[in-house]
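Structure file protein_25.cif; described as mmCIF, C-alpha atoms.
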data_structure
#
loop_
_atom_site.label_atom_id
_atom_site.label_comp_id
_atom_site.auth_asym_id
_atom_site.auth_seq_id
_atom_site.Cartn_x
_atom_site.Cartn_y
_atom_site.Cartn_z
CA MET A 1074 -173.09 18.81 51.83
CA SER A 1075 -175.49 18.10 54.67
CA ASP A 1076 -178.39 18.14 52.19
CA ILE A 1077 -176.92 15.24 50.29
CA SER A 1078 -176.70 12.97 53.30
CA LYS A 1079 -180.20 13.94 54.38
CA THR A 1080 -181.87 13.06 51.10
CA LYS A 1081 -180.00 9.81 50.89
CA GLU A 1082 -180.80 8.79 54.45
CA ARG A 1083 -184.22 7.56 53.43
CA GLU A 1084 -182.81 4.95 51.11
CA PRO A 1085 -182.32 1.53 52.66
CA MET A 1086 -178.82 1.27 51.13
CA PHE A 1087 -177.60 3.74 53.73
CA SER A 1088 -177.38 1.72 56.91
CA ALA A 1089 -175.90 3.32 60.01
CA LYS A 1090 -172.52 1.76 59.22
CA VAL A 1091 -172.39 3.19 55.71
CA LEU A 1092 -173.47 6.62 56.94
CA LYS A 1093 -170.62 6.56 59.40
CA LEU A 1094 -168.23 6.03 56.51
CA LEU A 1095 -169.59 9.22 55.02
CA LYS A 1096 -169.44 11.27 58.23
CA ASN A 1097 -166.18 10.17 59.82
CA PRO A 1098 -163.86 11.75 57.23
CA PHE A 1099 -165.24 15.18 58.14
CA ASN A 1100 -163.82 15.16 61.61
CA LEU A 1101 -162.48 12.07 63.38
CA GLU A 1102 -160.89 10.48 60.34
CA ASN A 1103 -160.25 13.51 58.18
CA PRO A 1104 -157.80 12.49 55.46
CA ILE A 1105 -155.69 15.65 55.74
CA THR A 1106 -155.66 16.61 59.39
CA VAL A 1107 -155.80 13.15 60.97
CA GLN A 1108 -154.66 10.53 58.47
CA VAL A 1109 -152.06 12.92 56.92
CA LEU A 1110 -152.89 11.81 53.40
CA GLY A 1111 -153.01 13.86 50.24
CA ILE A 1112 -151.29 16.96 51.52
CA CYS A 1113 -149.12 17.16 48.43
CA SER A 1114 -151.79 18.61 46.20
CA ALA A 1115 -153.96 20.08 48.93
CA LEU A 1116 -151.73 23.06 49.56
CA ALA A 1117 -150.79 24.22 46.12
CA VAL A 1118 -154.30 24.69 44.76
CA THR A 1119 -155.72 26.74 47.62
CA VAL A 1120 -154.77 30.27 46.60
CA GLN A 1121 -158.33 30.85 45.37
CA MET A 1122 -161.65 29.17 46.03
CA LYS A 1123 -162.45 28.20 42.44
CA PRO A 1124 -159.48 25.92 41.71
CA ALA A 1125 -159.83 24.48 45.22
CA ILE A 1126 -163.45 23.48 44.61
CA VAL A 1127 -162.68 22.02 41.19
CA MET A 1128 -159.77 20.09 42.68
CA ALA A 1129 -161.94 18.83 45.56
CA LEU A 1130 -164.60 17.58 43.16
CA SER A 1131 -162.02 15.90 40.92
CA VAL A 1132 -160.41 14.10 43.83
CA THR A 1133 -163.81 13.03 45.20
CA ILE A 1134 -164.82 11.54 41.86
CA VAL A 1135 -161.52 9.74 41.36
CA THR A 1136 -161.41 8.36 44.92
CA ALA A 1137 -165.00 7.16 44.84
CA PHE A 1138 -164.75 5.42 41.48
CA SER A 1139 -161.27 3.96 41.96
CA ASN A 1140 -162.45 2.53 45.28
CA LEU A 1141 -165.48 1.06 43.50
CA ILE A 1142 -163.45 -0.47 40.67
CA ILE A 1143 -160.64 -1.86 42.81
CA SER A 1144 -163.12 -3.22 45.31
CA SER A 1145 -164.99 -5.06 42.55
CA LEU A 1146 -161.71 -6.49 41.29
CA ARG A 1147 -160.22 -7.22 44.70
CA ASP A 1148 -160.53 -11.01 44.48
CA THR A 1149 -158.91 -11.24 41.05
CA ILE A 1150 -155.88 -8.97 41.59
CA PRO A 1151 -152.74 -10.93 42.52
CA SER A 1152 -151.32 -9.24 45.60
CA ARG A 1153 -147.77 -9.01 44.17
CA ILE A 1154 -148.75 -6.64 41.41
CA ARG A 1155 -151.62 -4.87 43.11
CA ILE A 1156 -149.84 -1.51 43.32
CA ILE A 1157 -149.38 -1.38 39.56
CA VAL A 1158 -152.98 -2.44 38.95
CA GLN A 1159 -154.19 0.25 41.35
CA LEU A 1160 -152.01 2.87 39.71
CA VAL A 1161 -153.29 1.98 36.25
CA VAL A 1162 -156.95 2.18 37.32
CA VAL A 1163 -156.34 5.50 39.04
CA ALA A 1164 -154.34 6.86 36.11
CA ALA A 1165 -157.15 5.99 33.70
CA LEU A 1166 -159.70 7.82 35.86
CA VAL A 1167 -157.40 10.83 36.22
CA ILE A 1168 -156.95 11.00 32.44
CA ILE A 1169 -160.74 11.17 32.06
CA VAL A 1170 -161.01 13.93 34.69
CA ASP A 1171 -158.14 15.85 33.10
CA GLN A 1172 -159.69 15.71 29.64
CA VAL A 1173 -163.09 16.82 30.99
CA LEU A 1174 -161.51 19.75 32.85
CA LYS A 1175 -159.57 20.80 29.75
CA ALA A 1176 -162.76 20.70 27.70
CA TYR A 1177 -165.12 22.57 30.03
CA VAL A 1178 -163.09 24.73 32.45
CA TYR A 1179 -159.87 25.38 30.57
CA ASP A 1180 -158.77 28.37 32.68
CA VAL A 1181 -159.05 26.41 35.92
CA SER A 1182 -157.30 23.46 34.31
CA LYS A 1183 -154.39 25.79 33.42
CA LYS A 1184 -154.23 27.07 37.00
CA LEU A 1185 -154.17 23.56 38.45
CA SER A 1186 -151.32 22.73 35.98
CA VAL A 1187 -149.56 19.55 37.03
CA PHE A 1188 -151.67 19.02 40.11
CA VAL A 1189 -154.46 17.26 38.25
CA GLY A 1190 -151.94 14.68 37.09
CA LEU A 1191 -150.64 14.44 40.61
CA ILE A 1192 -154.00 13.13 41.82
CA ILE A 1193 -152.57 9.78 40.68
CA THR A 1194 -149.97 9.80 43.40
CA ASN A 1195 -152.27 11.49 45.89
CA CYS A 1196 -151.81 9.46 49.04
CA ILE A 1197 -155.55 9.53 49.80
CA LEU A 1198 -156.15 7.28 46.82
CA MET A 1199 -153.51 4.68 47.59
CA GLY A 1200 -154.27 4.92 51.29
CA ARG A 1201 -157.99 4.27 50.88
CA LEU A 1202 -157.46 1.59 48.22
CA GLU A 1203 -155.02 -0.32 50.40
CA ALA A 1204 -156.77 0.25 53.71
CA TYR A 1205 -160.38 -0.08 52.67
CA ALA A 1206 -161.23 -1.08 49.11
CA MET A 1207 -158.98 -4.17 49.07
CA ALA A 1208 -160.92 -5.66 51.98
CA ASN A 1209 -164.51 -4.47 51.58
CA LYS A 1210 -167.49 -4.80 49.29
CA PRO A 1211 -167.91 -2.35 46.38
CA TRP A 1212 -170.75 -0.25 47.76
CA PRO A 1213 -169.25 0.62 51.18
CA SER A 1214 -165.92 1.22 49.39
CA PHE A 1215 -167.59 3.67 47.04
CA VAL A 1216 -169.12 5.55 49.98
CA ASP A 1217 -165.80 5.47 51.82
CA GLY A 1218 -164.05 7.00 48.82
CA PHE A 1219 -166.77 9.58 48.42
CA GLY A 1220 -166.64 10.55 52.10
CA ASN A 1221 -162.87 10.82 52.12
CA GLY A 1222 -162.94 12.94 48.99
CA LEU A 1223 -165.41 15.30 50.62
CA GLY A 1224 -163.43 15.41 53.87
CA TYR A 1225 -160.38 16.37 51.81
CA GLY A 1226 -162.45 18.95 49.94
CA LEU A 1227 -163.70 20.48 53.19
CA ILE A 1228 -160.15 21.31 54.34
CA LEU A 1229 -159.27 22.59 50.87
CA VAL A 1230 -162.23 24.95 50.85
CA ILE A 1231 -161.52 26.23 54.38
CA VAL A 1232 -157.88 26.93 53.55
CA ALA A 1233 -158.78 28.54 50.22
CA PHE A 1234 -161.45 30.69 51.89
CA PHE A 1235 -159.00 32.25 54.32
CA ARG A 1236 -156.18 32.58 51.80
CA GLU A 1237 -158.36 34.26 49.21
CA LEU A 1238 -160.16 36.50 51.72
CA LEU A 1239 -157.03 37.71 53.50
CA GLY A 1240 -154.70 37.53 50.51
CA SER A 1241 -156.74 39.29 47.86
CA GLY A 1242 -159.93 40.46 49.59
CA LYS A 1243 -162.15 38.24 47.46
CA ILE A 1244 -164.32 35.16 47.91
CA TYR A 1245 -164.78 32.91 44.89
CA GLY A 1246 -163.51 35.74 42.69
CA PHE A 1247 -165.96 38.36 44.04
CA ARG A 1248 -164.62 41.34 45.95
CA VAL A 1249 -166.03 41.32 49.49
CA ILE A 1250 -163.84 43.87 51.22
CA PRO A 1251 -165.23 47.25 50.11
CA GLN A 1252 -163.04 49.93 48.57
CA ALA A 1253 -163.70 52.24 51.54
CA VAL A 1254 -161.77 49.88 53.81
CA TYR A 1255 -158.77 50.01 51.48
CA ASP A 1256 -159.03 53.80 51.35
CA SER A 1257 -158.81 53.97 55.11
CA GLY A 1258 -155.44 52.20 55.01
CA TYR A 1259 -156.23 48.44 54.98
CA MET A 1260 -153.98 46.34 52.81
CA ASP A 1261 -154.21 42.78 51.51
CA ASN A 1262 -151.72 40.45 53.14
CA GLY A 1263 -149.52 39.45 50.23
CA LEU A 1264 -147.93 36.65 52.25
CA MET A 1265 -151.22 34.73 52.34
CA ILE A 1266 -150.96 34.09 48.61
CA LEU A 1267 -147.45 32.65 48.88
CA PRO A 1268 -146.85 28.96 49.62
CA PRO A 1269 -145.66 29.20 53.27
CA MET A 1270 -148.99 30.48 54.55
CA ALA A 1271 -150.81 27.43 53.19
CA LEU A 1272 -148.74 25.27 55.51
CA ILE A 1273 -149.28 27.55 58.47
CA THR A 1274 -153.04 27.77 57.79
CA ILE A 1275 -153.31 23.96 57.83
CA GLY A 1276 -151.22 23.89 61.00
CA VAL A 1277 -153.69 26.25 62.62
CA ILE A 1278 -156.67 24.20 61.41
CA ILE A 1279 -155.12 21.11 62.99
CA TRP A 1280 -154.54 23.08 66.19
CA VAL A 1281 -158.19 24.19 66.37
CA GLN A 1282 -159.51 20.72 65.53
CA ARG A 1283 -157.35 18.97 68.12
CA ALA A 1284 -158.15 21.53 70.77
CA ARG A 1285 -161.84 20.70 70.25
CA THR A 1286 -161.42 16.91 70.07
CA PRO A 1287 -158.82 15.94 72.68
CA GLU A 1288 -158.77 12.26 71.66
CA LEU A 1289 -156.86 13.23 68.51
CA GLN A 1290 -153.98 14.83 70.42
CA GLU A 1291 -150.52 13.28 70.18
CA LYS A 1292 -148.47 12.66 73.30
CA MET B 1065 -123.10 25.55 30.98
CA GLU B 1066 -124.04 28.72 32.83
CA ASN B 1067 -127.64 27.94 32.06
CA LEU B 1068 -127.34 24.48 33.61
CA PHE B 1069 -125.75 25.83 36.78
CA ASN B 1070 -128.51 28.40 37.00
CA LEU B 1071 -131.14 25.67 36.65
CA PHE B 1072 -129.41 23.56 39.29
CA VAL B 1073 -129.36 26.31 41.90
CA ARG B 1074 -132.92 27.33 41.07
CA SER B 1075 -134.26 23.82 41.47
CA ILE B 1076 -132.58 23.36 44.85
CA PHE B 1077 -133.42 26.65 46.52
CA ILE B 1078 -136.01 28.69 44.66
CA ASP B 1079 -138.25 26.04 43.10
CA ASN B 1080 -137.78 23.74 46.07
CA MET B 1081 -140.07 20.71 45.75
CA ILE B 1082 -141.33 20.96 49.33
CA PHE B 1083 -141.35 24.66 50.06
CA ALA B 1084 -142.58 25.99 46.73
CA TYR B 1085 -144.70 23.14 45.36
CA PHE B 1086 -145.47 20.92 48.38
CA LEU B 1087 -144.58 17.78 46.47
CA GLY B 1088 -143.83 14.63 48.41
CA MET B 1089 -145.35 16.07 51.57
CA CYS B 1090 -146.86 12.79 52.75
CA SER B 1091 -143.60 10.95 53.19
CA TYR B 1092 -141.92 14.22 54.20
CA LEU B 1093 -144.18 14.47 57.25
CA ALA B 1094 -144.38 10.76 57.97
CA VAL B 1095 -140.68 9.86 57.80
CA SER B 1096 -139.11 12.95 59.37
CA LYS B 1097 -139.03 11.80 62.99
CA THR B 1098 -135.32 10.95 63.02
CA VAL B 1099 -132.45 12.34 60.96
CA LYS B 1100 -131.07 8.93 60.04
CA THR B 1101 -134.15 7.57 58.30
CA SER B 1102 -134.91 10.86 56.62
CA VAL B 1103 -131.39 11.00 55.16
CA GLY B 1104 -131.94 7.49 53.78
CA LEU B 1105 -135.22 8.50 52.18
CA GLY B 1106 -133.72 11.71 50.82
CA ILE B 1107 -130.91 9.80 49.10
CA ALA B 1108 -133.37 7.27 47.69
CA VAL B 1109 -135.62 10.00 46.27
CA THR B 1110 -132.70 11.85 44.66
CA PHE B 1111 -131.44 8.63 43.14
CA VAL B 1112 -134.81 7.58 41.72
CA LEU B 1113 -135.42 11.09 40.37
CA LEU B 1114 -132.08 11.04 38.55
CA VAL B 1115 -133.08 7.82 36.80
CA THR B 1116 -136.78 8.34 36.12
CA ALA B 1117 -136.85 11.97 34.96
CA PRO B 1118 -134.53 11.49 31.93
CA VAL B 1119 -136.30 8.23 30.96
CA ASN B 1120 -139.70 9.91 31.15
CA TRP B 1121 -138.37 12.83 29.13
CA LEU B 1122 -137.14 10.44 26.42
CA VAL B 1123 -140.49 8.64 26.39
CA ASP B 1124 -142.32 11.95 26.14
CA THR B 1125 -140.12 13.37 23.39
CA TYR B 1126 -139.91 10.29 21.20
CA LEU B 1127 -143.30 8.65 21.79
CA LEU B 1128 -145.97 10.89 23.25
CA LYS B 1129 -145.62 14.51 22.10
CA PRO B 1130 -147.68 15.69 19.14
CA GLY B 1131 -145.68 14.59 16.11
CA ALA B 1132 -143.12 12.76 18.24
CA LEU B 1133 -143.53 9.53 16.30
CA ALA B 1134 -142.32 11.16 13.07
CA TRP B 1135 -138.96 9.35 13.42
CA LEU B 1136 -140.78 6.04 13.02
CA SER B 1137 -142.62 6.78 9.81
CA ALA B 1138 -144.05 9.83 8.05
CA ASP B 1139 -147.61 8.53 8.44
CA LEU B 1140 -147.42 8.85 12.20
CA ALA B 1141 -146.23 12.47 12.13
CA ASP B 1142 -149.55 13.97 13.16
CA LEU B 1143 -150.32 11.48 15.90
CA ASP B 1144 -150.74 13.00 19.36
CA LEU B 1145 -150.50 10.57 22.27
CA SER B 1146 -149.97 13.18 24.97
CA TYR B 1147 -153.25 12.28 26.69
CA LEU B 1148 -151.62 8.97 27.64
CA SER B 1149 -148.75 10.67 29.44
CA PHE B 1150 -150.07 10.24 33.01
CA MET B 1151 -150.47 6.52 32.59
CA ILE B 1152 -147.16 5.98 30.82
CA PHE B 1153 -145.22 8.15 33.28
CA ILE B 1154 -146.57 6.37 36.34
CA ALA B 1155 -145.97 2.97 34.73
CA VAL B 1156 -142.38 3.93 33.87
CA ILE B 1157 -141.82 5.19 37.41
CA ALA B 1158 -143.28 2.08 39.03
CA ALA B 1159 -141.25 -0.19 36.73
CA ILE B 1160 -138.00 1.71 37.29
CA VAL B 1161 -138.45 1.76 41.04
CA GLN B 1162 -138.94 -2.01 40.95
CA LEU B 1163 -135.85 -2.37 38.76
CA VAL B 1164 -133.72 -0.07 40.91
CA GLU B 1165 -134.78 -2.06 43.94
CA MET B 1166 -133.66 -5.35 42.37
CA VAL B 1167 -130.36 -3.92 41.10
CA VAL B 1168 -129.52 -2.31 44.44
CA GLU B 1169 -130.40 -5.52 46.29
CA LYS B 1170 -128.10 -7.52 44.03
CA PHE B 1171 -125.07 -5.25 43.88
CA SER B 1172 -125.11 -3.32 47.11
CA PRO B 1173 -126.91 -5.10 49.94
CA SER B 1174 -125.66 -2.51 52.45
CA LEU B 1175 -127.31 0.35 50.55
CA TYR B 1176 -130.40 -1.82 50.13
CA ASN B 1177 -130.63 -2.35 53.86
CA ALA B 1178 -130.09 1.34 54.50
CA LEU B 1179 -132.90 2.36 52.14
CA GLY B 1180 -135.08 -0.49 53.37
CA ILE B 1181 -138.80 -0.06 52.94
CA PHE B 1182 -138.47 3.41 51.42
CA LEU B 1183 -137.54 2.29 47.93
CA PRO B 1184 -140.86 0.65 46.95
CA LEU B 1185 -142.80 3.49 48.57
CA ILE B 1186 -141.10 6.04 46.33
CA ALA B 1187 -143.23 4.92 43.38
CA VAL B 1188 -146.13 6.80 44.91
CA ASN B 1189 -144.13 9.82 46.07
CA CYS B 1190 -145.67 12.87 44.43
CA ALA B 1191 -142.27 14.48 43.93
CA ILE B 1192 -141.22 11.86 41.37
CA LEU B 1193 -144.31 12.17 39.17
CA GLY B 1194 -144.30 15.92 39.84
CA VAL B 1195 -140.82 16.34 38.36
CA ALA B 1196 -141.82 14.29 35.31
CA LEU B 1197 -144.88 16.48 34.78
CA PHE B 1198 -143.00 19.75 35.37
CA VAL B 1199 -140.40 18.66 32.81
CA GLN B 1200 -143.21 18.02 30.33
CA GLU B 1201 -144.96 21.30 31.10
CA ARG B 1202 -141.87 23.49 30.96
CA ASP B 1203 -140.53 22.06 27.71
CA TYR B 1204 -136.92 21.40 28.62
CA HIS B 1205 -134.90 20.96 25.46
CA SER B 1206 -132.06 18.61 26.25
CA ILE B 1207 -131.48 15.58 28.40
CA ALA B 1208 -128.73 17.46 30.26
CA GLU B 1209 -131.22 20.08 31.40
CA VAL B 1210 -133.67 17.42 32.55
CA THR B 1211 -131.03 15.50 34.47
CA VAL B 1212 -129.72 18.63 36.17
CA TYR B 1213 -133.23 19.72 37.07
CA ALA B 1214 -134.07 16.28 38.48
CA GLY B 1215 -130.85 16.15 40.50
CA GLY B 1216 -131.41 19.63 41.87
CA SER B 1217 -135.00 18.87 42.83
CA GLY B 1218 -133.88 15.70 44.59
CA ILE B 1219 -131.19 17.53 46.55
CA GLY B 1220 -133.69 20.24 47.47
CA TRP B 1221 -136.10 17.61 48.77
CA PHE B 1222 -133.26 15.93 50.67
CA LEU B 1223 -132.28 19.25 52.32
CA ALA B 1224 -135.86 19.92 53.34
CA ILE B 1225 -136.55 16.54 54.93
CA ALA B 1226 -133.16 16.37 56.67
CA SER B 1227 -133.56 19.82 58.20
CA LEU B 1228 -137.15 19.17 59.32
CA ALA B 1229 -136.02 15.92 60.95
CA ALA B 1230 -133.22 17.74 62.77
CA ILE B 1231 -135.65 20.35 64.08
CA ARG B 1232 -138.18 17.71 65.13
CA GLU B 1233 -135.53 15.79 67.07
CA LYS B 1234 -134.75 18.94 69.07
CA ILE B 1235 -138.37 19.95 69.47
CA THR B 1236 -139.34 16.82 71.40
CA TYR B 1237 -137.86 18.56 74.46
CA SER B 1238 -139.90 21.73 74.07
CA ASN B 1239 -143.13 22.59 75.78
CA ILE B 1240 -145.62 22.83 72.92
CA PRO B 1241 -149.37 23.30 73.49
CA LYS B 1242 -150.91 19.83 73.55
CA PRO B 1243 -153.22 20.13 70.50
CA LEU B 1244 -150.34 21.41 68.41
CA ARG B 1245 -147.94 18.56 69.17
CA GLY B 1246 -146.77 16.30 66.37
CA LEU B 1247 -148.47 17.08 63.10
CA GLY B 1248 -149.58 20.64 63.81
CA ILE B 1249 -146.19 21.98 64.80
CA SER B 1250 -144.55 20.16 61.86
CA PHE B 1251 -146.77 22.07 59.47
CA ILE B 1252 -145.98 25.38 61.12
CA ILE B 1253 -142.23 24.65 61.17
CA THR B 1254 -142.38 23.78 57.48
CA GLY B 1255 -144.21 27.04 56.85
CA LEU B 1256 -141.54 29.03 58.67
CA MET B 1257 -138.78 27.17 56.81
CA ALA B 1258 -140.57 27.99 53.57
CA ILE B 1259 -140.56 31.67 54.52
CA ALA B 1260 -136.81 31.40 55.11
CA PHE B 1261 -136.34 29.77 51.70
CA MET B 1262 -138.33 32.58 50.10
CA SER B 1263 -135.36 34.85 50.72
CA PHE B 1264 -133.58 32.99 47.90
CA MET B 1265 -136.19 34.30 45.48
CA GLY B 1266 -134.38 37.60 45.03
CA ILE B 1267 -131.20 35.91 43.81
CA LYS B 1268 -130.43 36.39 40.16
CA ILE B 1269 -127.72 34.21 38.72
#
Using structure tokens, write down the structure from this file.
Amino acid sequence: MSDISKTKEREPMFSAKVLKLLKNPFNLENPITVQVLGICSALAVTVQMKPAIVMALSVTIVTAFSNLIISSLRDTIPSRIRIIVQLVVVAALVIIVDQVLKAYVYDVSKKLSVFVGLIITNCILMGRLEAYAMANKPWPSFVDGFGNGLGYGLILVIVAFFRELLGSGKIYGFRVIPQAVYDSGYMDNGLMILPPMALITIGVIIWVQRARTPELQEK
Amino acid sequence: MENLFNLFVRSIFIDNMIFAYFLGMCSYLAVSKTVKTSVGLGIAVTFVLLVTAPVNWLVDTYLLKPGALAWLSADLADLDLSYLSFMIFIAVIAAIVQLVEMVVEKFSPSLYNALGIFLPLIAVNCAILGVALFVQERDYHSIAEVTVYAGGSGIGWFLAIASLAAIREKITYSNIPKPLRGLGISFIITGLMAIAFMSFMGIKI
């Protein structure tokens, strides 16, 4: 992820302000651990790395493009019906993502089940559309959506890494804990695969993050 | 009948919206600071679920499923509109929430005041769309099943948010490590509650 920002830095489109939009979601304005947005789908898809990465990419694409579209339309949308307009734009993008996933990675699409559809009601989308895209120009909005999608993806990948490693001894589907360790009495922690540990893992991530950045702590 | 009761209990305890599928987490974490508001939100969610899930099921069965339009004319029998389901479902939900809001405002201002700002926000609650999509995925056969499932899911959500709010009210007096206060501890409490709810998994009805 750092490569992307480095190669793009040279372009004049990336002023310091726009770069900040890309960086902030990783730590100080992380959508999951700080803004508390988009937790609904974040937890259920993190049993393994592969669905988590696919989900992260899908959300990034949908957030970035819905921000772009809504931001371009922001002067023409009547404010009374803006929620419906936003939902329709998002739903159209999610339909495209869903069809692409079904066509190219059918097994992952099956694993994600209803959670692809639930990107529509993912709070990150509505949150960013309302808070940023409705009041800013298309290009910064696009970058804002992209950054928030990646910040969301980062947490997803961290959670999935620990759940897959401790729960089934694999990383991205490859066995990393050798058989010899199992023979000597080590066992996979079955609880890591079950839903409750996703919540506790995120709780611990928040704990670590806030311990390192005291300005995020609540009173 | 037995089947329906089974479904009802399952949807409240075993397939709990929060603890098993994490649906509606955003409002669950944001609105669970006091018991009173969370009870209001819980009732509103249950109510909206009971209305939207059957309507979405009817729309899916008679308009969107492959071959669903056969009742209209034989030419349309092999039409498959299921790729439109996300958009139609969310539109139906948004419209019904708007409608419910107007009806409640007109006929029961006291309930309207109690639910307050929560009603319009429910349109983007993942639990509502989640139930509609689960109903579609699991192929429920009758409207009774769908209604019972929706009601059970709503009550399960209500139980979860009310109990988290009760715990959070008590926990304000405890000495929690500073970085864990607020959001962090709420996640861990929810995790522990989910472990408790897992004990229902063994039940066979």
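The smallest atom-to-atom distance between Tyr1259 of chain A and any of A:Asn1103, A:Ser1241, A:Thr1274, A:Ser1152, using only C-alpha atoms, is found for A:Ser1241.
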**Report entry** Gap from atom CA of Val1158 of chain A to atom CA of Ser1144 of chain A - Å, one decimal
**Finding:**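 Between these atoms lies a distance of 12.0 Å.
Reported to one decimal place, the separation of atom CA of Ala1208 of chain A from atom CA of Glu1102 of chain A is 18.2 Å.
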Report task. Specify as number ranges by chain all residues of chain B found within 9 Å of chain A, counting only C-alpha atoms. Result -> B: 1082-1090, 1093-1094, 1147-1152, 1154-1155, 1158-1159, 1187-1191, 1193-1194, 1197-1198, 1201, 1241-1259, 1262
Query raised in the report: Near Tyr1245 of chain A, within 12 Å and counting all atoms listed in the file, which residues show up once chain neighbours fewer than 5 positions away are dropped, as a list in words?
Result: Thr1119, Val1120, Gln1121, Met1122, Lys1123, Pro1124, Ala1125, Ile1126, Val1127, Val1230, Ala1233, Phe1234, Phe1235, Arg1236, Glu1237 and Leu1238 of chain A
Requested in this report: Report the distance between atom CA of Gln1159 of chain A and atom CA of Ser1139 of chain A in Å, rounded to one decimal place.
Outcome: 8.0 Å
Query raised in the report: Residues at most 7 Å from Leu1094 of chain A, counting all atoms listed in the file, excluding those fewer than 3 positions away in the same chain, as a list in words?
Result: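 Here the qualifying residues turn out to be Lys1090, Val1091, Asn1097, Val1216, Asp1217 and Gly1220 of chain A.
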Report task. Go through B:Asp1079, B:Glu1165, B:Asp1139, B:Glu1066 one by one, measure the shortest atom-to-atom distance of each to Gly1216 of chain B using only C-alpha atoms, and give the residue with the smallest value. Result ->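 The answer is B:Asp1079, which sits nearest to Gly1216 of chain B.
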**Report entry** Result set, the PyMOL selection byres ((chain B and resi 1128) around 7) on current file, as a count of residues only
**Finding:** 12
Can you sort out the box for segment 1166-1170 of chain B, edges along x, y and z, all listed atoms in, 4 Å on every side, with centre and edge lengths in Å to one decimal, as lines of an AutoDock Vina configuration file?
center_x = -130.9
center_y = -4.9
center_z = 43.7
size_x = 13.6
size_y = 13.2
size_z = 13.2
Requested in this report: Could you list the residues chosen by the PyMOL selection byres ((chain B and resi 1077) around 10) in this structure as a PyMOL selection string?
Outcome: chain B and resi 1072-1076+1078-1081+1083-1084+1216-1217+1219-1221+1223-1224+1261-1265+1267
Report task. Dump as a list in words all residues having an atom at most 6 Å from (-133.7, 14.1, 47.8), computed in the file's coordinates with all atoms listed in the file. Result ->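 Protein, DNA and RNA residues close to (-133.7, 14.1, 47.8): Gly1106, Ile1107, Val1109, Thr1110, Gly1218, Ile1219, Trp1221 and Phe1222 of chain B.
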